[in-house]
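S.K.: Please find one structure pasted underneath; my questions will follow.
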Amino acid sequence: MRPLATLRDRGSLRQLLARWLSGPLIALIAASLGASYFIALYVANDAYDAALLDPALAIANHVRRHGGHVELDLPAIAIDALRVDTRDRIFYQVQGPDGIIVAGNAPIPAPPKWLPAPQHLFYNAELEGEPIRVAGQFVSIQGQTVLVQVAETVVKRTTLVKEILFASALPALVIAIAALTLSWYGIDRSLAPLERLRKEIDSRSPRDLHAMTEAGIPMEVRPVVRALNQLLARLKAAIEGEQRFIANAAHQLRTPLAGLKTHAELARREPSSPQMRSLLDMIAEETERTSHLINQLLTLARAERGAGPEAGRQPLNLHEIATRAVQEWVPRALARNIDLGFELEDTWILGDPLLLRELLANLLDNALAYTQAGGAVTVRTHSADGRSVLEVQDNGPGIPPAERGRVFERFYRVPGTSPQGCGLGLAIVAEIAERYGAKVELKEGADGTGTCARVLFASLAQDAAYTGQSVTPVPSAPR
Amino acid sequence: MRVLIVEDDKALADGLTRTLRNSGYAVDHAGTGELALRACGEEHYDLIVLDISLPGIDGFEVLRQLRRMRQAGSILILTARDAEADRVHGLDLGADDYVTKPFSLPEFEARVRALIRRGQAVRSPKLQFGKLAVDTAARRAWIGDEDLELTPREWGVLEYLLTRAGKVVSKEQMLQALCSWDDTLTHNAIEVYISRLRNKLHAAGIPIRTVRGFGYMIEDPGPGSG
């Protein structure tokens with residue numbers, strides 16, 4: 001179907017939907033991971049900062065004023081006990097008023113100026129190029145402010161942040177992948193009705209113009225189906241109008257033509273000069289061709305008519321169809337001194353008897369027209385390989401292989417042949433055969449000469465849907 | 001022989017009238033179904049040529065009323081080629097034969113001849129086929145003065161073919177028509193009778209055509225000439 005193909009040209013609906021879904025989804029996940037990082041950082045600091053403040057408080061308790069200066073009254077062994085940690089290194093520093101370092105084992109940077117100075121504070125800093133976390137405790141000793149700093153490296157904290165981040169990112173990733181996968185299949189599922197629609201339209205024969213069903217079509221696509229159905233209906237009406245016009249025109253022409261033929265024939269029977277005689281012969285001949293053409297146009301219009309491929313089908317015996325052609329065609333063959341023979345076996349198909357007779361009539365007309373006087377034409381019906389075969393073989397000049405495809409075109413005539421026919425005969429055969437899904441083959445005869453036109457139908461016995469149906473033979477021809 | 005042509009197309013009616021008058025029939029023409037019914041109420045016609053698509057009362061209604069009037073003449077209907085239903089319906093209503101428009105004049109004449117002959121056979125057993133004269137009551141045939149001395153079987157085959165002159169008959173049809181209770185005929189036997197008849201009819205110039213794989217046909221030799 002064209003509209004879907006156009007969509008594909010502009011990027012598929014699936015891609016469009018996937019892009020609109022996956023872009024925002026990835027952005028959302030990235031934002032949530034960012035948020036997780038800061039939350040994890042906050043949680044880690046909150047947990048470890050309290051633990052870091054404890055040694056600062058312990059040290060602060062042992063800061064004394066001794067004489068003029070401040071000093072730390074804590075044995076080194078006790079300080080070492082406070083600094084025990086399995087994963088991080090811990091530093092401390094006691095800073096007296098005026099920035100004098102009282103005690104400590106590392107030059108811990110002072111708190112940033114912009115931080116307020118409450119009782120205690122926490123901040124990040126760097127020590128010898130390594131990031132550290134610092135807890136600062138202010139103590140007031142006899143009016144003098146002393147800052148006790150305890151710092152640690154951030155191994156524990158980084159590990160905790162990583163763990164928290166990982167723990168929250170993993171489910172987010174799983175959810176993202178699941179969402180993308182589900183939406184991919186969801187798109188598939190929601191596009192399935194469109195695909196069904198496409199298949200239904202693709203599988204239609206060109207003459208099948210009945211409205212498409214809206215059942216199972218999503219609400220969003222229904223307006224498209226409705227518009228398509230309206231187009232189909234208009235198309236059908238236009239085609240039917242055209243066919244009706246052809247049928248009516250051809251029909252209306254037949255009575256005056258019958259009159260013309262009669263008068264032409266009567267005129268030929270009157271005594272007349274040889275010139276007049278040949279003129280009258282030509283009139284009679286042209287009248288004959290015109291009525292043939294009109295019959296062909298009617299047949300073609302009828303073959304094209306009808307709603308679906310199922311219209312006008314009934315069980316038919318090809319043997320019977322061929323038998324009914326005998327009365328009409330044997331006298332014509334005899335008039336042309338052609339031996340018309342029959343090799344008929346019963347074989348059943350589904351079809352419209354009138355159209356099948358027209359199909360055979362056109363094959364016979366063609367065979368008789370292109371077979372020389374004294375030649376032979378044979379009609380065969382039989383079953384072969386589960387198919388019903390209708391075959392008309394002649395021993396005329398044959399059709400060159402290069403022309404075999406073209407002879408089914410309307411108004412086409414093989415170059416160099418006599419312009420007897422109107423060029424519609426085999427087009428009608430092809431049209432009717434197509435209507436019944438039958439295959440038409442043109443070959444040379446079994447002995448390599450002449451033409452063998454073979455039409456292969458689906459046998460009725462093969463048609464499971466109809467096997468249970470009772471078989472009504474075609475009423476026999478009036479005698 | 002009186003013939004009524006019921007056809008609303010003037011040119012066609014005129015052509016058919018001329019044709020049949022040239023063949024020696026007394027021909028009347030009616031342009032509508034009403035006129036046709038009135039004419040049939042006043043006269044007896046041996047043959048009525050009836051167009052199905054008439055203005056006013058259509059051909060089917062005329063056919064129905066003619067059969068109700070017990071019009072004994074044969075009725076030949078003119079139908080459209082694509083109107084299979086019309087044809088079947090017409091024959092069901094009692095028409096004897098049909099031709100489809102646009103027909104050829106020889107075809108029309110052959111149908112008319114066959115119907116007239118069939119009507120004749122009811123009244124008079126003696127019929128003429130070209131040079132061949134037959135007496136259906138005496139079951140004998142002559143060419144000129146010479147009696148063909150047909151056996152009953154040969155007569156049966158000849159009569160079957162002659163009464164269907166111009167039409168192809170299948171071997172099966174012949175077998176069914178010719179076989180009585182107590183005897184059986186084979187395809188080969190039919191071929192033997194046909195072969196003998198061919199020899200006997202040779203002098204009359206009436207060929208029995210073989211339709212390969214199907215049956216036989218005697219061509220309509222046209223009106224009797226002797």
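Ligands are numbered from 1 in the order shown, chains are lettered A, B, ... in the order of the structure tokens, and residues start at 1 in each chain.
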Residues of segment 13-120 of chain B that have any atom at most 12 Å from an atom of segment 310-328 of chain A: could you tabulate them with the shortest-distance atom pair and the distance in Å to one decimal, using only C-alpha atoms, ordered by chain and increasing number, as a tab-separated table?

M.R.:
```
residue	atom	partner	partner_atom	distance
B:Val99	CA	A:Glu328	CA	11.1
B:Thr100	CA	A:Glu328	CA	11.4
B:Glu107	CA	A:Glu328	CA	10.5
```

S.K.: Please dump the current selection as a PDB file, in the first residue's frame; keep N, CA and C atoms.

M.R.:
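So the final result, stored in part00.pdb, reads:
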```pdb
ATOM      1  N   VAL B  99     -32.864 -17.452 -31.844  1.00  0.00           N
ATOM      2  CA  VAL B  99     -31.626 -16.980 -32.462  1.00  0.00           C
ATOM      3  C   VAL B  99     -31.188 -15.748 -31.685  1.00  0.00           C
ATOM      4  N   THR B 100     -29.870 -15.566 -31.600  1.00  0.00           N
ATOM      5  CA  THR B 100     -29.360 -14.428 -30.837  1.00  0.00           C
ATOM      6  C   THR B 100     -28.946 -13.319 -31.778  1.00  0.00           C
ATOM      7  N   GLU B 107     -28.324 -18.242 -40.990  1.00  0.00           N
ATOM      8  CA  GLU B 107     -28.631 -18.924 -39.731  1.00  0.00           C
ATOM      9  C   GLU B 107     -30.126 -18.784 -39.424  1.00  0.00           C
TER      10      GLU B 107
END
```

S.K.: For chain A, list the residues within 10 Å of chain B, counting only C-alpha atoms, and write the list as a CSV table (one decimal) with N, CA and C atoms, in the first residue's frame.

M.R.:
```csv
chain,number,residue,atom,x,y,z
A,247,ALA,N,-21.9,-1.7,-21.9
A,247,ALA,CA,-22.9,-2.8,-22.1
A,247,ALA,C,-24.1,-2.2,-22.7
A,251,HIS,N,-25.4,-3.2,-26.4
A,251,HIS,CA,-26.7,-3.8,-26.4
A,251,HIS,C,-27.6,-3.0,-27.4
A,253,LEU,N,-26.8,-1.3,-29.8
A,253,LEU,CA,-26.3,-1.4,-31.2
A,253,LEU,C,-26.7,-2.7,-31.9
A,254,ARG,N,-27.1,-3.7,-31.1
A,254,ARG,CA,-27.3,-5.0,-31.7
A,254,ARG,C,-28.5,-5.1,-32.6
A,255,THR,N,-29.6,-4.5,-32.2
A,255,THR,CA,-30.8,-4.6,-33.1
A,255,THR,C,-30.6,-3.9,-34.4
A,256,PRO,N,-30.1,-2.6,-34.4
A,256,PRO,CA,-29.8,-2.0,-35.7
A,256,PRO,C,-28.8,-2.8,-36.6
A,257,LEU,N,-27.8,-3.4,-35.9
A,257,LEU,CA,-26.8,-4.2,-36.6
A,257,LEU,C,-27.4,-5.5,-37.2
A,258,ALA,N,-28.4,-6.1,-36.5
A,258,ALA,CA,-29.1,-7.2,-37.0
A,258,ALA,C,-29.8,-6.8,-38.3
A,259,GLY,N,-30.4,-5.6,-38.2
A,259,GLY,CA,-31.1,-5.1,-39.4
A,259,GLY,C,-30.1,-4.8,-40.6
A,260,LEU,N,-29.0,-4.2,-40.2
A,260,LEU,CA,-28.0,-4.0,-41.2
A,260,LEU,C,-27.5,-5.2,-41.9
A,261,LYS,N,-27.2,-6.2,-41.1
A,261,LYS,CA,-26.7,-7.5,-41.6
A,261,LYS,C,-27.7,-8.1,-42.5
A,262,THR,N,-29.0,-8.1,-42.1
A,262,THR,CA,-30.0,-8.7,-42.9
A,262,THR,C,-30.1,-8.0,-44.3
A,263,HIS,N,-30.1,-6.7,-44.2
A,263,HIS,CA,-30.2,-5.9,-45.5
A,263,HIS,C,-29.0,-6.1,-46.4
A,264,ALA,N,-27.8,-6.2,-45.8
A,264,ALA,CA,-26.6,-6.4,-46.5
A,264,ALA,C,-26.7,-7.8,-47.2
A,265,GLU,N,-27.2,-8.8,-46.5
A,265,GLU,CA,-27.3,-10.1,-47.0
A,265,GLU,C,-28.3,-10.1,-48.2
A,266,LEU,N,-29.5,-9.5,-47.9
A,266,LEU,CA,-30.5,-9.4,-48.9
A,266,LEU,C,-30.0,-8.7,-50.2
A,267,ALA,N,-29.2,-7.6,-50.0
A,267,ALA,CA,-28.7,-6.9,-51.2
A,267,ALA,C,-27.8,-7.8,-52.0
A,269,ARG,N,-28.1,-10.8,-52.4
A,269,ARG,CA,-28.8,-11.8,-53.2
A,269,ARG,C,-29.5,-11.3,-54.4
A,284,ALA,N,-21.1,-6.4,-46.1
A,284,ALA,CA,-21.5,-7.6,-45.3
A,284,ALA,C,-20.4,-8.0,-44.4
A,287,THR,N,-19.9,-5.5,-41.6
A,287,THR,CA,-21.0,-5.6,-40.6
A,287,THR,C,-20.8,-6.8,-39.7
A,288,GLU,N,-20.3,-7.9,-40.3
A,288,GLU,CA,-20.0,-9.1,-39.5
A,288,GLU,C,-19.0,-8.8,-38.5
A,290,THR,N,-18.2,-5.8,-37.2
A,290,THR,CA,-18.7,-4.9,-36.2
A,290,THR,C,-19.5,-5.7,-35.2
A,291,SER,N,-20.4,-6.6,-35.6
A,291,SER,CA,-21.2,-7.3,-34.6
A,291,SER,C,-20.3,-8.2,-33.8
A,292,HIS,N,-19.3,-8.7,-34.3
A,292,HIS,CA,-18.3,-9.5,-33.5
A,292,HIS,C,-17.7,-8.7,-32.5
A,294,ILE,N,-18.8,-5.9,-31.2
A,294,ILE,CA,-19.8,-5.5,-30.2
A,294,ILE,C,-20.0,-6.6,-29.2
A,295,ASN,N,-20.1,-7.9,-29.7
A,295,ASN,CA,-20.3,-9.0,-28.8
A,295,ASN,C,-19.1,-9.1,-27.8
A,298,LEU,N,-19.1,-6.5,-25.1
A,298,LEU,CA,-20.1,-6.9,-24.1
A,298,LEU,C,-19.6,-8.0,-23.2
A,299,THR,N,-18.9,-8.9,-23.8
A,299,THR,CA,-18.4,-10.0,-23.0
A,299,THR,C,-17.3,-9.5,-22.0
A,302,ARG,N,-18.8,-7.7,-19.2
A,302,ARG,CA,-19.4,-8.6,-18.3
A,302,ARG,C,-18.3,-9.4,-17.4
A,323,THR,N,-19.4,-29.4,-24.6
A,323,THR,CA,-20.5,-30.0,-25.4
A,323,THR,C,-21.4,-29.0,-25.9
A,326,VAL,N,-20.5,-27.3,-29.2
A,326,VAL,CA,-20.5,-28.1,-30.4
A,326,VAL,C,-21.5,-27.5,-31.4
A,327,GLN,N,-22.8,-27.3,-31.0
A,327,GLN,CA,-23.8,-26.9,-32.0
A,327,GLN,C,-23.4,-25.6,-32.7
A,328,GLU,N,-22.8,-24.7,-31.9
A,328,GLU,CA,-22.5,-23.4,-32.5
A,328,GLU,C,-21.3,-23.4,-33.4
A,329,TRP,N,-20.3,-24.2,-33.0
A,329,TRP,CA,-19.0,-24.1,-33.6
A,329,TRP,C,-18.7,-25.1,-34.7
A,330,VAL,N,-19.4,-26.3,-34.7
A,330,VAL,CA,-19.1,-27.2,-35.7
A,330,VAL,C,-19.5,-26.7,-37.1
A,331,PRO,N,-20.7,-26.1,-37.2
A,331,PRO,CA,-21.1,-25.5,-38.5
A,331,PRO,C,-20.1,-24.5,-39.0
A,334,LEU,N,-17.1,-26.3,-40.2
A,334,LEU,CA,-17.3,-26.9,-41.5
A,334,LEU,C,-17.3,-25.9,-42.6
A,339,ASP,N,-11.6,-29.4,-39.6
A,339,ASP,CA,-12.1,-30.5,-38.9
A,339,ASP,C,-12.0,-30.2,-37.4
A,340,LEU,N,-13.2,-29.9,-36.8
A,340,LEU,CA,-13.3,-29.6,-35.4
A,340,LEU,C,-13.6,-30.9,-34.6
A,341,GLY,N,-12.7,-31.3,-33.7
A,341,GLY,CA,-12.9,-32.5,-33.0
A,341,GLY,C,-12.9,-32.3,-31.5
A,342,PHE,N,-13.4,-33.4,-30.8
A,342,PHE,CA,-13.5,-33.2,-29.3
A,342,PHE,C,-12.9,-34.4,-28.6
A,343,GLU,N,-12.2,-34.2,-27.5
A,343,GLU,CA,-11.7,-35.3,-26.7
A,343,GLU,C,-12.0,-34.9,-25.3
A,344,LEU,N,-13.2,-35.3,-24.8
A,344,LEU,CA,-13.8,-34.7,-23.6
A,344,LEU,C,-13.9,-35.7,-22.4
A,353,PRO,N,-21.3,-20.3,-15.9
A,353,PRO,CA,-21.4,-21.0,-17.2
A,353,PRO,C,-21.3,-20.1,-18.4
A,354,LEU,N,-21.9,-18.9,-18.3
A,354,LEU,CA,-21.9,-18.0,-19.4
A,354,LEU,C,-20.5,-17.5,-19.8
A,355,LEU,N,-19.7,-17.2,-18.7
A,355,LEU,CA,-18.4,-16.7,-18.9
A,355,LEU,C,-17.4,-17.8,-19.4
A,358,GLU,N,-18.0,-18.2,-23.0
A,358,GLU,CA,-17.4,-17.2,-23.7
A,358,GLU,C,-15.9,-17.4,-23.8
A,376,ALA,N,-7.1,-28.8,-38.7
A,376,ALA,CA,-7.9,-29.4,-37.6
A,376,ALA,C,-7.7,-28.6,-36.3
A,377,VAL,N,-8.9,-28.6,-35.6
A,377,VAL,CA,-8.9,-28.0,-34.3
A,377,VAL,C,-9.5,-29.0,-33.3
A,378,THR,N,-8.8,-29.2,-32.1
A,378,THR,CA,-9.3,-30.1,-31.2
A,378,THR,C,-9.6,-29.5,-29.8
A,379,VAL,N,-10.7,-29.8,-29.2
A,379,VAL,CA,-11.1,-29.3,-27.9
A,379,VAL,C,-10.9,-30.4,-26.9
A,380,ARG,N,-10.1,-30.2,-25.9
A,380,ARG,CA,-9.9,-31.3,-24.9
A,380,ARG,C,-10.3,-30.8,-23.5
A,475,PRO,N,-27.9,-27.2,-17.0
A,475,PRO,CA,-29.0,-27.7,-17.8
A,475,PRO,C,-28.5,-27.9,-19.3
A,477,ALA,N,-28.3,-28.2,-23.3
A,477,ALA,CA,-28.6,-27.3,-24.4
A,477,ALA,C,-30.0,-27.7,-25.0
A,478,PRO,N,-30.8,-26.7,-25.3
A,478,PRO,CA,-32.0,-27.0,-26.0
A,478,PRO,C,-31.7,-27.6,-27.4
A,479,ARG,N,-32.5,-28.6,-27.8
A,479,ARG,CA,-32.3,-29.2,-29.1
A,479,ARG,C,-33.3,-28.7,-30.1
```

S.K.: With only C-alpha atoms as the counted atoms, please give the residues lying no more than 9 Å from Tyr25 of chain B, apart from itself and same-chain residues fewer than 4 positions off, as a list in words.

M.R.: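 After dropping sequence-adjacent residues, the list is Met1, Arg2, Val3, Leu20 and Arg21 of chain B.
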
S.K.: For atom CA of Lys236 of chain A and atom CA of Ile201 of chain A, determine how far apart the two atoms are, in Å to one decimal place.

M.R.: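 These atoms are spaced 15.2 Å apart.
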
S.K.: Counting only C-alpha atoms, what is within 12 Å of segment 144-147 of chain B, bar same-chain residues fewer than 5 positions away, as an NGL selection string?

M.R.: :B and (128-135 or 138-139 or 200-201 or 203-204 or 224-226)

S.K.: Which residues of segment 141-168 of chain B come within 12 Å of segment 184-198 of chain B, and for each one, what is the closest pair of atoms and their distance in Å to one decimal, counting only C-alpha atoms, sorted by chain and residue number, as a Markdown table?

M.R.:
```
| residue | atom | partner | partner_atom | distance |
| --- | --- | --- | --- | --- |
| B:Ala141 | CA | B:Leu197 | CA | 11.2 |
| B:Leu148 | CA | B:Leu197 | CA | 9.2 |
| B:Glu149 | CA | B:Leu197 | CA | 10.6 |
| B:Leu150 | CA | B:Leu197 | CA | 8.3 |
| B:Thr151 | CA | B:Tyr193 | CA | 9.5 |
| B:Pro152 | CA | B:Tyr193 | CA | 10.6 |
| B:Arg153 | CA | B:Tyr193 | CA | 7.5 |
| B:Glu154 | CA | B:Tyr193 | CA | 5.8 |
| B:Trp155 | CA | B:Leu197 | CA | 8.8 |
| B:Gly156 | CA | B:Tyr193 | CA | 9.7 |
| B:Val157 | CA | B:Tyr193 | CA | 7.4 |
| B:Leu158 | CA | B:Leu197 | CA | 7.4 |
| B:Glu159 | CA | B:Leu197 | CA | 11.1 |
| B:Tyr160 | CA | B:Ile194 | CA | 11.6 |
| B:Leu161 | CA | B:Ile194 | CA | 10.2 |
| B:Leu162 | CA | B:Leu197 | CA | 12.0 |
```

S.K.: Could you save those same residues with N, CA and C atoms as an mmCIF file, in the first residue's frame?

M.R.:
```cif
data_model
loop_
_atom_site.group_PDB
_atom_site.id
_atom_site.type_symbol
_atom_site.label_atom_id
_atom_site.label_comp_id
_atom_site.auth_asym_id
_atom_site.auth_seq_id
_atom_site.Cartn_x
_atom_site.Cartn_y
_atom_site.Cartn_z
ATOM 1 N N ALA B 141 -37.156 -43.699 -48.039
ATOM 2 C CA ALA B 141 -36.500 -42.527 -48.608
ATOM 3 C C ALA B 141 -36.166 -42.788 -50.068
ATOM 4 N N LEU B 148 -34.230 -45.960 -51.717
ATOM 5 C CA LEU B 148 -32.918 -46.265 -51.137
ATOM 6 C C LEU B 148 -32.902 -47.612 -50.433
ATOM 7 N N GLU B 149 -34.086 -48.196 -50.237
ATOM 8 C CA GLU B 149 -34.212 -49.514 -49.599
ATOM 9 C C GLU B 149 -33.413 -49.569 -48.294
ATOM 10 N N LEU B 150 -33.837 -48.731 -47.367
ATOM 11 C CA LEU B 150 -33.147 -48.667 -46.079
ATOM 12 C C LEU B 150 -33.649 -49.762 -45.157
ATOM 13 N N THR B 151 -32.721 -50.323 -44.383
ATOM 14 C CA THR B 151 -33.137 -51.272 -43.339
ATOM 15 C C THR B 151 -33.753 -50.445 -42.206
ATOM 16 N N PRO B 152 -34.518 -51.073 -41.320
ATOM 17 C CA PRO B 152 -35.126 -50.303 -40.214
ATOM 18 C C PRO B 152 -34.087 -49.542 -39.399
ATOM 19 N N ARG B 153 -32.924 -50.175 -39.147
ATOM 20 C CA ARG B 153 -31.865 -49.492 -38.400
ATOM 21 C C ARG B 153 -31.342 -48.279 -39.156
ATOM 22 N N GLU B 154 -31.095 -48.475 -40.453
ATOM 23 C CA GLU B 154 -30.577 -47.367 -41.265
ATOM 24 C C GLU B 154 -31.596 -46.225 -41.284
ATOM 25 N N TRP B 155 -32.865 -46.588 -41.431
ATOM 26 C CA TRP B 155 -33.910 -45.571 -41.429
ATOM 27 C C TRP B 155 -33.899 -44.802 -40.100
ATOM 28 N N GLY B 156 -33.765 -45.564 -39.020
ATOM 29 C CA GLY B 156 -33.759 -44.928 -37.693
ATOM 30 C C GLY B 156 -32.654 -43.890 -37.575
ATOM 31 N N VAL B 157 -31.463 -44.272 -38.035
ATOM 32 C CA VAL B 157 -30.324 -43.349 -37.951
ATOM 33 C C VAL B 157 -30.567 -42.132 -38.845
ATOM 34 N N LEU B 158 -31.043 -42.391 -40.088
ATOM 35 C CA LEU B 158 -31.261 -41.295 -41.039
ATOM 36 C C LEU B 158 -32.342 -40.342 -40.521
ATOM 37 N N GLU B 159 -33.422 -40.903 -40.017
ATOM 38 C CA GLU B 159 -34.523 -40.060 -39.543
ATOM 39 C C GLU B 159 -34.047 -39.183 -38.378
ATOM 40 N N TYR B 160 -33.259 -39.839 -37.500
ATOM 41 C CA TYR B 160 -32.769 -39.087 -36.341
ATOM 42 C C TYR B 160 -31.921 -37.894 -36.789
ATOM 43 N N LEU B 161 -31.073 -38.150 -37.784
ATOM 44 C CA LEU B 161 -30.192 -37.073 -38.264
ATOM 45 C C LEU B 161 -30.974 -36.020 -39.036
ATOM 46 N N LEU B 162 -31.932 -36.475 -39.893
ATOM 47 C CA LEU B 162 -32.664 -35.527 -40.742
ATOM 48 C C LEU B 162 -33.550 -34.610 -39.914
#
```

S.K.: Please identify the strand (DSSP E) residues within chain B (assignment by DSSP from backbone atoms) and present them as a count of residues only.

M.R.: 51

S.K.: Just give me the gap between atom CA of Ala233 of chain A and atom CA of Asp208 of chain A in Å, one decimal is fine.

M.R.: 11.0 Å

S.K.: Could you give me the residues within segment 356-456 of chain A that DSSP places in helix (DSSP H, G or I), as a compact mmCIF listing (two decimals) with C-alpha atoms, in the first residue's frame?

M.R.:
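Wrote part-v9.txt, looks like this:
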```txt
# COMPACT_ATOMS: atom_id res chain seq x y z
CA LEU A 356 -16.82 -20.13 -19.30
CA ARG A 357 -18.65 -20.58 -22.61
CA GLU A 358 -17.36 -17.17 -23.72
CA LEU A 359 -13.85 -18.20 -22.76
CA LEU A 360 -14.08 -21.37 -24.85
CA ALA A 361 -15.84 -19.48 -27.68
CA ASN A 362 -12.96 -17.01 -27.88
CA LEU A 363 -10.34 -19.78 -27.89
CA LEU A 364 -12.29 -21.54 -30.66
CA ASP A 365 -12.84 -18.32 -32.60
CA ASN A 366 -9.13 -17.66 -32.46
CA ALA A 367 -8.17 -21.20 -33.44
CA LEU A 368 -10.62 -21.25 -36.38
CA ALA A 369 -9.54 -17.77 -37.54
CA PRO A 401 7.17 -17.51 -28.77
CA ALA A 402 8.05 -13.79 -28.70
CA GLU A 403 4.43 -12.87 -29.43
CA ARG A 406 1.51 -9.89 -26.11
CA VAL A 407 -1.45 -11.62 -27.72
CA PHE A 408 -3.33 -11.31 -24.42
CA GLY A 425 -10.46 -12.57 -28.08
CA LEU A 426 -7.45 -13.63 -26.02
CA ALA A 427 -7.77 -10.54 -23.80
CA ILE A 428 -11.22 -11.83 -22.90
CA VAL A 429 -9.79 -15.29 -22.27
CA ALA A 430 -7.15 -13.80 -19.95
CA GLU A 431 -9.72 -11.63 -18.18
CA ILE A 432 -12.11 -14.52 -17.50
CA ALA A 433 -9.29 -16.88 -16.52
CA GLU A 434 -7.93 -14.31 -14.06
CA ARG A 435 -11.36 -13.96 -12.53
```

S.K.: Please determine, counting only C-alpha atoms, which residue among A:Asp346, A:Ala303, A:Val154, A:Gln252 has the shortest atom-to-atom distance to Ser53 of chain B.

M.R.: A:Gln252
